[in-house]
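Below is one structure, written out as structure tokens, with a few remarks after it.
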Amino acid sequence: MDVVVVCWNDKSKIAIALDSVFALTELRHDPEFAHVVVSDNGSSDGSRAFIAERYGGRVQIVENGANLGFAAACNRAFAATSAEYVFLLNPDAELKDRALAEMVAFMDAHPRCGIGGSRIDNYDGTIQQSVGEFDTWAGAFLRSSAWGELPVLRRWANGAGLREIDYAVPQRVDLTIGAALAIRRTMLDAIGPFDERFFLYHEEVDFAKRAAGAGWETWYVPASEAIHEGMGSARGQYDVEKRKQTSRRKYWIKHHGRAWYYSLVGALVGRYALYAGAVACAVVLGRRLFR
């Protein structure tokens, strides 16, 4: 298995991810079980020197020379590796013992599983929402508006985060987040690498959508466990919400078309007309009641 960690000025945290890999029982018993690669996006904080000094030849560094984004950095690492499985690990995540062994065992037993997502916990022990559904028009509308928070509508506003799922049970899902994610090499070769138009966010959603379209399965695998801080390199470096919105828009247009997207935008804008109408009716009614 190839373990790929994308790095961009992550010197302060990347040792947590890499140390967790080398501490795994499967690697201590067999150092050849996993080949570890850091795909560095032009870090300027000394990350590359730190990794080389701390890990030496145990970690291969792919130098990208500039911040190419997550998808492109992963693709450079894919091109530099050849193992049957690739495991993507965020620099702000760490693996629990036997995480890689459990994932390999599961994917070996499920030959149509092209993507496997680990169970991901927060540092306080709670579960992160790490699996989701592909968008429908109604689901995208609900999630993009306050209506999706209404109790009777929340189930249809899941999108990239399933709110109601038994995280103790392995199951087929539409998609899993890329913080701790395994990819089968034969599937990668068949459908191609990540779409580099997604600089950050939604690249794994697009990848899972393409995989499903080609007949591959995505599974949630709770026996493989990780802990994830969240946002990693994005914290304080990007306007995260703007990046998410940009990637989400690209995904919607790519997979659903411009008519689908602009009708959604129209509906989201149009709901304000409903609010204004409701306020106007309330004002008129109030005046009549208090005359």
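Following the order of the structure tokens, first chain is A, next is B, and so on, with residues numbered from 1 inside each chain and ligands from 1 in the order they appear.
Every protein, DNA or RNA residue with an atom at most 12 Å from A:Leu142, where only C-alpha atoms count and chain neighbours fewer than 5 positions away do not, is listed here: Asp135, Thr136, Trp137, Trp147, Gly148, Glu149, Leu150, Pro151, Val152, Leu153, Arg154, Arg155, Trp156, Ala157, Asn158, Gly159, Leu264, Val265, Ala267, Leu268 and Arg271 of chain A.
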Would you export the selected residues with N, CA and C atoms as a PDB file, in the first residue's frame, please?
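Final file, part31.pdb:
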```
ATOM      1  N   ASP A 135     -25.681  14.696  -4.450  1.00  0.00           N
ATOM      2  CA  ASP A 135     -26.740  15.703  -4.421  1.00  0.00           C
ATOM      3  C   ASP A 135     -27.881  15.378  -5.374  1.00  0.00           C
ATOM      4  N   THR A 136     -29.083  15.651  -4.896  1.00  0.00           N
ATOM      5  CA  THR A 136     -30.241  15.818  -5.762  1.00  0.00           C
ATOM      6  C   THR A 136     -30.546  17.315  -5.783  1.00  0.00           C
ATOM      7  N   TRP A 137     -31.411  17.738  -6.699  1.00  0.00           N
ATOM      8  CA  TRP A 137     -31.757  19.155  -6.750  1.00  0.00           C
ATOM      9  C   TRP A 137     -32.397  19.587  -5.438  1.00  0.00           C
ATOM     10  N   TRP A 147     -34.052  26.056   5.190  1.00  0.00           N
ATOM     11  CA  TRP A 147     -35.119  25.068   5.218  1.00  0.00           C
ATOM     12  C   TRP A 147     -34.593  23.674   5.558  1.00  0.00           C
ATOM     13  N   GLY A 148     -33.359  23.406   5.189  1.00  0.00           N
ATOM     14  CA  GLY A 148     -32.780  22.095   5.462  1.00  0.00           C
ATOM     15  C   GLY A 148     -32.578  21.802   6.937  1.00  0.00           C
ATOM     16  N   GLU A 149     -32.670  22.831   7.785  1.00  0.00           N
ATOM     17  CA  GLU A 149     -32.528  22.627   9.221  1.00  0.00           C
ATOM     18  C   GLU A 149     -33.854  22.336   9.909  1.00  0.00           C
ATOM     19  N   LEU A 150     -34.946  22.433   9.157  1.00  0.00           N
ATOM     20  CA  LEU A 150     -36.247  22.088   9.736  1.00  0.00           C
ATOM     21  C   LEU A 150     -36.285  20.581   9.994  1.00  0.00           C
ATOM     22  N   PRO A 151     -36.739  20.151  11.173  1.00  0.00           N
ATOM     23  CA  PRO A 151     -36.698  18.718  11.526  1.00  0.00           C
ATOM     24  C   PRO A 151     -37.329  17.806  10.485  1.00  0.00           C
ATOM     25  N   VAL A 152     -38.427  18.229   9.877  1.00  0.00           N
ATOM     26  CA  VAL A 152     -39.112  17.347   8.921  1.00  0.00           C
ATOM     27  C   VAL A 152     -38.380  17.252   7.586  1.00  0.00           C
ATOM     28  N   LEU A 153     -37.414  18.157   7.348  1.00  0.00           N
ATOM     29  CA  LEU A 153     -36.718  18.189   6.065  1.00  0.00           C
ATOM     30  C   LEU A 153     -35.246  17.811   6.154  1.00  0.00           C
ATOM     31  N   ARG A 154     -34.712  17.650   7.348  1.00  0.00           N
ATOM     32  CA  ARG A 154     -33.271  17.442   7.506  1.00  0.00           C
ATOM     33  C   ARG A 154     -32.782  16.179   6.795  1.00  0.00           C
ATOM     34  N   ARG A 155     -33.601  15.136   6.793  1.00  0.00           N
ATOM     35  CA  ARG A 155     -33.176  13.884   6.164  1.00  0.00           C
ATOM     36  C   ARG A 155     -32.825  14.085   4.692  1.00  0.00           C
ATOM     37  N   TRP A 156     -33.489  15.011   4.015  1.00  0.00           N
ATOM     38  CA  TRP A 156     -33.262  15.219   2.586  1.00  0.00           C
ATOM     39  C   TRP A 156     -32.215  16.285   2.328  1.00  0.00           C
ATOM     40  N   ALA A 157     -31.595  16.800   3.373  1.00  0.00           N
ATOM     41  CA  ALA A 157     -30.568  17.825   3.223  1.00  0.00           C
ATOM     42  C   ALA A 157     -29.178  17.276   3.540  1.00  0.00           C
ATOM     43  N   ASN A 158     -29.008  15.967   3.425  1.00  0.00           N
ATOM     44  CA  ASN A 158     -27.746  15.339   3.821  1.00  0.00           C
ATOM     45  C   ASN A 158     -26.571  15.785   2.975  1.00  0.00           C
ATOM     46  N   GLY A 159     -26.675  15.620   1.672  1.00  0.00           N
ATOM     47  CA  GLY A 159     -25.567  15.985   0.796  1.00  0.00           C
ATOM     48  C   GLY A 159     -24.287  15.264   1.168  1.00  0.00           C
ATOM     49  N   LEU A 264     -31.448  26.065  -9.630  1.00  0.00           N
ATOM     50  CA  LEU A 264     -31.236  26.006  -8.180  1.00  0.00           C
ATOM     51  C   LEU A 264     -30.951  27.406  -7.625  1.00  0.00           C
ATOM     52  N   VAL A 265     -30.074  28.146  -8.306  1.00  0.00           N
ATOM     53  CA  VAL A 265     -29.774  29.509  -7.867  1.00  0.00           C
ATOM     54  C   VAL A 265     -31.040  30.358  -7.874  1.00  0.00           C
ATOM     55  N   ALA A 267     -34.098  29.365  -7.512  1.00  0.00           N
ATOM     56  CA  ALA A 267     -34.974  28.969  -6.411  1.00  0.00           C
ATOM     57  C   ALA A 267     -34.464  29.519  -5.078  1.00  0.00           C
ATOM     58  N   LEU A 268     -33.139  29.501  -4.901  1.00  0.00           N
ATOM     59  CA  LEU A 268     -32.569  30.019  -3.656  1.00  0.00           C
ATOM     60  C   LEU A 268     -32.804  31.525  -3.523  1.00  0.00           C
ATOM     61  N   ARG A 271     -36.662  32.294  -2.871  1.00  0.00           N
ATOM     62  CA  ARG A 271     -37.239  32.079  -1.539  1.00  0.00           C
ATOM     63  C   ARG A 271     -37.299  33.372  -0.733  1.00  0.00           C
TER      64      ARG A 271
END
```
* Got a sec: who's within 10 Å of A:Lys96, counting only C-alpha atoms, leaving out chain neighbours fewer than 4 positions off, as a VMD selection string? -> chain A and resid 20 to 21 23 to 25 100 120 223 to 227
* alpha helix (DSSP H) positions in stretch 35-253 of chain A, given as a ChimeraX atom specification -> /A:47-55,70-79,99-109,137-143,185-191,203-213,240-253
* Asked: Among stretch 74-269 of chain A, which residues carry a DSSP assignment of strand (DSSP E), reported as number ranges by chain?
  -> A: 85-89, 93-95, 113-121, 131-132, 171-173, 175-176, 180-184, 217-228
Dump C-alpha atoms for the selected residues as an mmCIF file, in the first residue's frame?
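See result_12.cif below for the written result:
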```cif
data_model
loop_
_atom_site.group_PDB
_atom_site.id
_atom_site.type_symbol
_atom_site.label_atom_id
_atom_site.label_comp_id
_atom_site.auth_asym_id
_atom_site.auth_seq_id
_atom_site.Cartn_x
_atom_site.Cartn_y
_atom_site.Cartn_z
ATOM 1 C CA TYR A 85 -3.905 0.435 -2.949
ATOM 2 C CA VAL A 86 -3.330 4.125 -2.229
ATOM 3 C CA PHE A 87 -4.316 5.541 1.150
ATOM 4 C CA LEU A 88 -4.804 9.305 1.440
ATOM 5 C CA LEU A 89 -4.158 10.724 4.889
ATOM 6 C CA ALA A 93 -5.112 13.245 10.911
ATOM 7 C CA GLU A 94 -3.630 10.204 12.620
ATOM 8 C CA LEU A 95 -4.314 6.518 12.202
ATOM 9 C CA CYS A 113 -14.820 -1.736 -3.646
ATOM 10 C CA GLY A 114 -12.860 0.978 -5.407
ATOM 11 C CA ILE A 115 -12.961 3.503 -2.552
ATOM 12 C CA GLY A 116 -12.859 2.771 1.171
ATOM 13 C CA GLY A 117 -13.386 5.402 3.839
ATOM 14 C CA SER A 118 -12.158 4.975 7.400
ATOM 15 C CA ARG A 119 -14.190 5.762 10.488
ATOM 16 C CA ILE A 120 -13.075 9.227 11.591
ATOM 17 C CA ASP A 121 -13.281 10.508 15.152
ATOM 18 C CA VAL A 131 -19.840 9.803 4.549
ATOM 19 C CA GLY A 132 -22.526 11.324 2.385
ATOM 20 C CA GLN A 171 -21.892 -0.217 4.510
ATOM 21 C CA ARG A 172 -22.003 0.980 0.934
ATOM 22 C CA VAL A 173 -22.283 4.741 0.626
ATOM 23 C CA LEU A 175 -19.047 9.073 -0.939
ATOM 24 C CA THR A 176 -16.536 9.421 1.886
ATOM 25 C CA ALA A 180 -8.515 9.000 5.518
ATOM 26 C CA LEU A 181 -9.400 7.317 2.265
ATOM 27 C CA ALA A 182 -8.234 4.227 0.366
ATOM 28 C CA ILE A 183 -8.303 3.915 -3.427
ATOM 29 C CA ARG A 184 -7.888 0.758 -5.507
ATOM 30 C CA GLU A 217 -18.430 0.730 -5.105
ATOM 31 C CA THR A 218 -17.593 3.084 -2.244
ATOM 32 C CA TRP A 219 -17.688 1.615 1.261
ATOM 33 C CA TYR A 220 -17.497 2.988 4.772
ATOM 34 C CA VAL A 221 -15.083 0.735 6.717
ATOM 35 C CA PRO A 222 -15.304 1.352 10.503
ATOM 36 C CA ALA A 223 -12.647 -1.263 11.342
ATOM 37 C CA SER A 224 -10.128 1.185 9.880
ATOM 38 C CA GLU A 225 -10.053 4.170 12.238
ATOM 39 C CA ALA A 226 -8.487 7.633 12.230
ATOM 40 C CA ILE A 227 -8.626 10.818 14.273
ATOM 41 C CA HIS A 228 -8.965 14.081 12.385
#
```
* stretch 38-41 of chain A: which residues within 8 Å, counting only C-alpha atoms, same-chain residues fewer than 3 positions away excluded, as an MDAnalysis selection string? -> chainID A and resid 4:8 48 59:69 73:74 76:77
Generate the output file for the selected residues, N, CA and C atoms, as a CSV table (one decimal), in the first residue's frame.
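Listing of selection.csv after writing:
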```
chain,number,residue,atom,x,y,z
A,4,VAL,N,-0.3,8.3,1.1
A,4,VAL,CA,0.0,9.7,0.5
A,4,VAL,C,-0.5,10.7,1.5
A,5,VAL,N,0.4,11.6,1.9
A,5,VAL,CA,0.1,12.8,2.7
A,5,VAL,C,0.4,14.1,1.9
A,6,VAL,N,-0.6,14.9,1.7
A,6,VAL,CA,-0.3,16.2,1.0
A,6,VAL,C,0.1,17.2,2.0
A,7,CYS,N,1.2,17.9,1.7
A,7,CYS,CA,1.7,18.9,2.7
A,7,CYS,C,1.8,20.3,2.1
A,8,TRP,N,1.3,21.3,2.8
A,8,TRP,CA,1.6,22.7,2.4
A,8,TRP,C,1.7,23.5,3.7
A,48,ARG,N,9.8,20.3,4.2
A,48,ARG,CA,10.6,19.2,3.5
A,48,ARG,C,11.9,18.9,4.2
A,59,VAL,N,10.5,8.1,4.1
A,59,VAL,CA,9.4,8.9,3.4
A,59,VAL,C,10.0,9.4,2.1
A,60,GLN,N,9.2,9.2,1.0
A,60,GLN,CA,9.6,9.7,-0.3
A,60,GLN,C,8.9,11.1,-0.4
A,61,ILE,N,9.6,12.1,-0.8
A,61,ILE,CA,9.0,13.4,-0.9
A,61,ILE,C,8.9,13.8,-2.4
A,62,VAL,N,7.7,14.1,-2.8
A,62,VAL,CA,7.4,14.5,-4.2
A,62,VAL,C,7.3,16.0,-4.1
A,63,GLU,N,8.3,16.7,-4.7
A,63,GLU,CA,8.3,18.2,-4.7
A,63,GLU,C,7.5,18.8,-5.9
A,64,ASN,N,6.4,19.5,-5.6
A,64,ASN,CA,5.6,20.0,-6.6
A,64,ASN,C,6.0,21.5,-7.0
A,65,GLY,N,6.8,22.1,-6.1
A,65,GLY,CA,7.3,23.4,-6.4
A,65,GLY,C,6.4,24.6,-6.2
A,66,ALA,N,5.1,24.4,-6.1
A,66,ALA,CA,4.2,25.4,-5.9
A,66,ALA,C,2.9,24.8,-5.3
A,67,ASN,N,2.0,25.7,-4.8
A,67,ASN,CA,0.8,25.2,-4.2
A,67,ASN,C,-0.2,24.8,-5.3
A,68,LEU,N,-0.2,23.6,-5.8
A,68,LEU,CA,-1.0,23.1,-6.9
A,68,LEU,C,-2.5,22.8,-6.5
A,69,GLY,N,-2.7,22.8,-5.2
A,69,GLY,CA,-4.0,22.3,-4.7
A,69,GLY,C,-4.0,20.8,-4.3
A,73,ALA,N,-1.9,17.7,-6.2
A,73,ALA,CA,-0.8,17.1,-5.3
A,73,ALA,C,-1.0,15.6,-5.2
A,74,CYS,N,-2.2,15.2,-5.0
A,74,CYS,CA,-2.5,13.7,-5.0
A,74,CYS,C,-2.1,13.1,-6.3
A,76,ARG,N,0.1,13.9,-8.5
A,76,ARG,CA,1.6,13.8,-8.6
A,76,ARG,C,2.1,12.6,-7.8
A,77,ALA,N,1.5,12.4,-6.7
A,77,ALA,CA,1.9,11.2,-5.9
A,77,ALA,C,1.4,9.9,-6.5
```
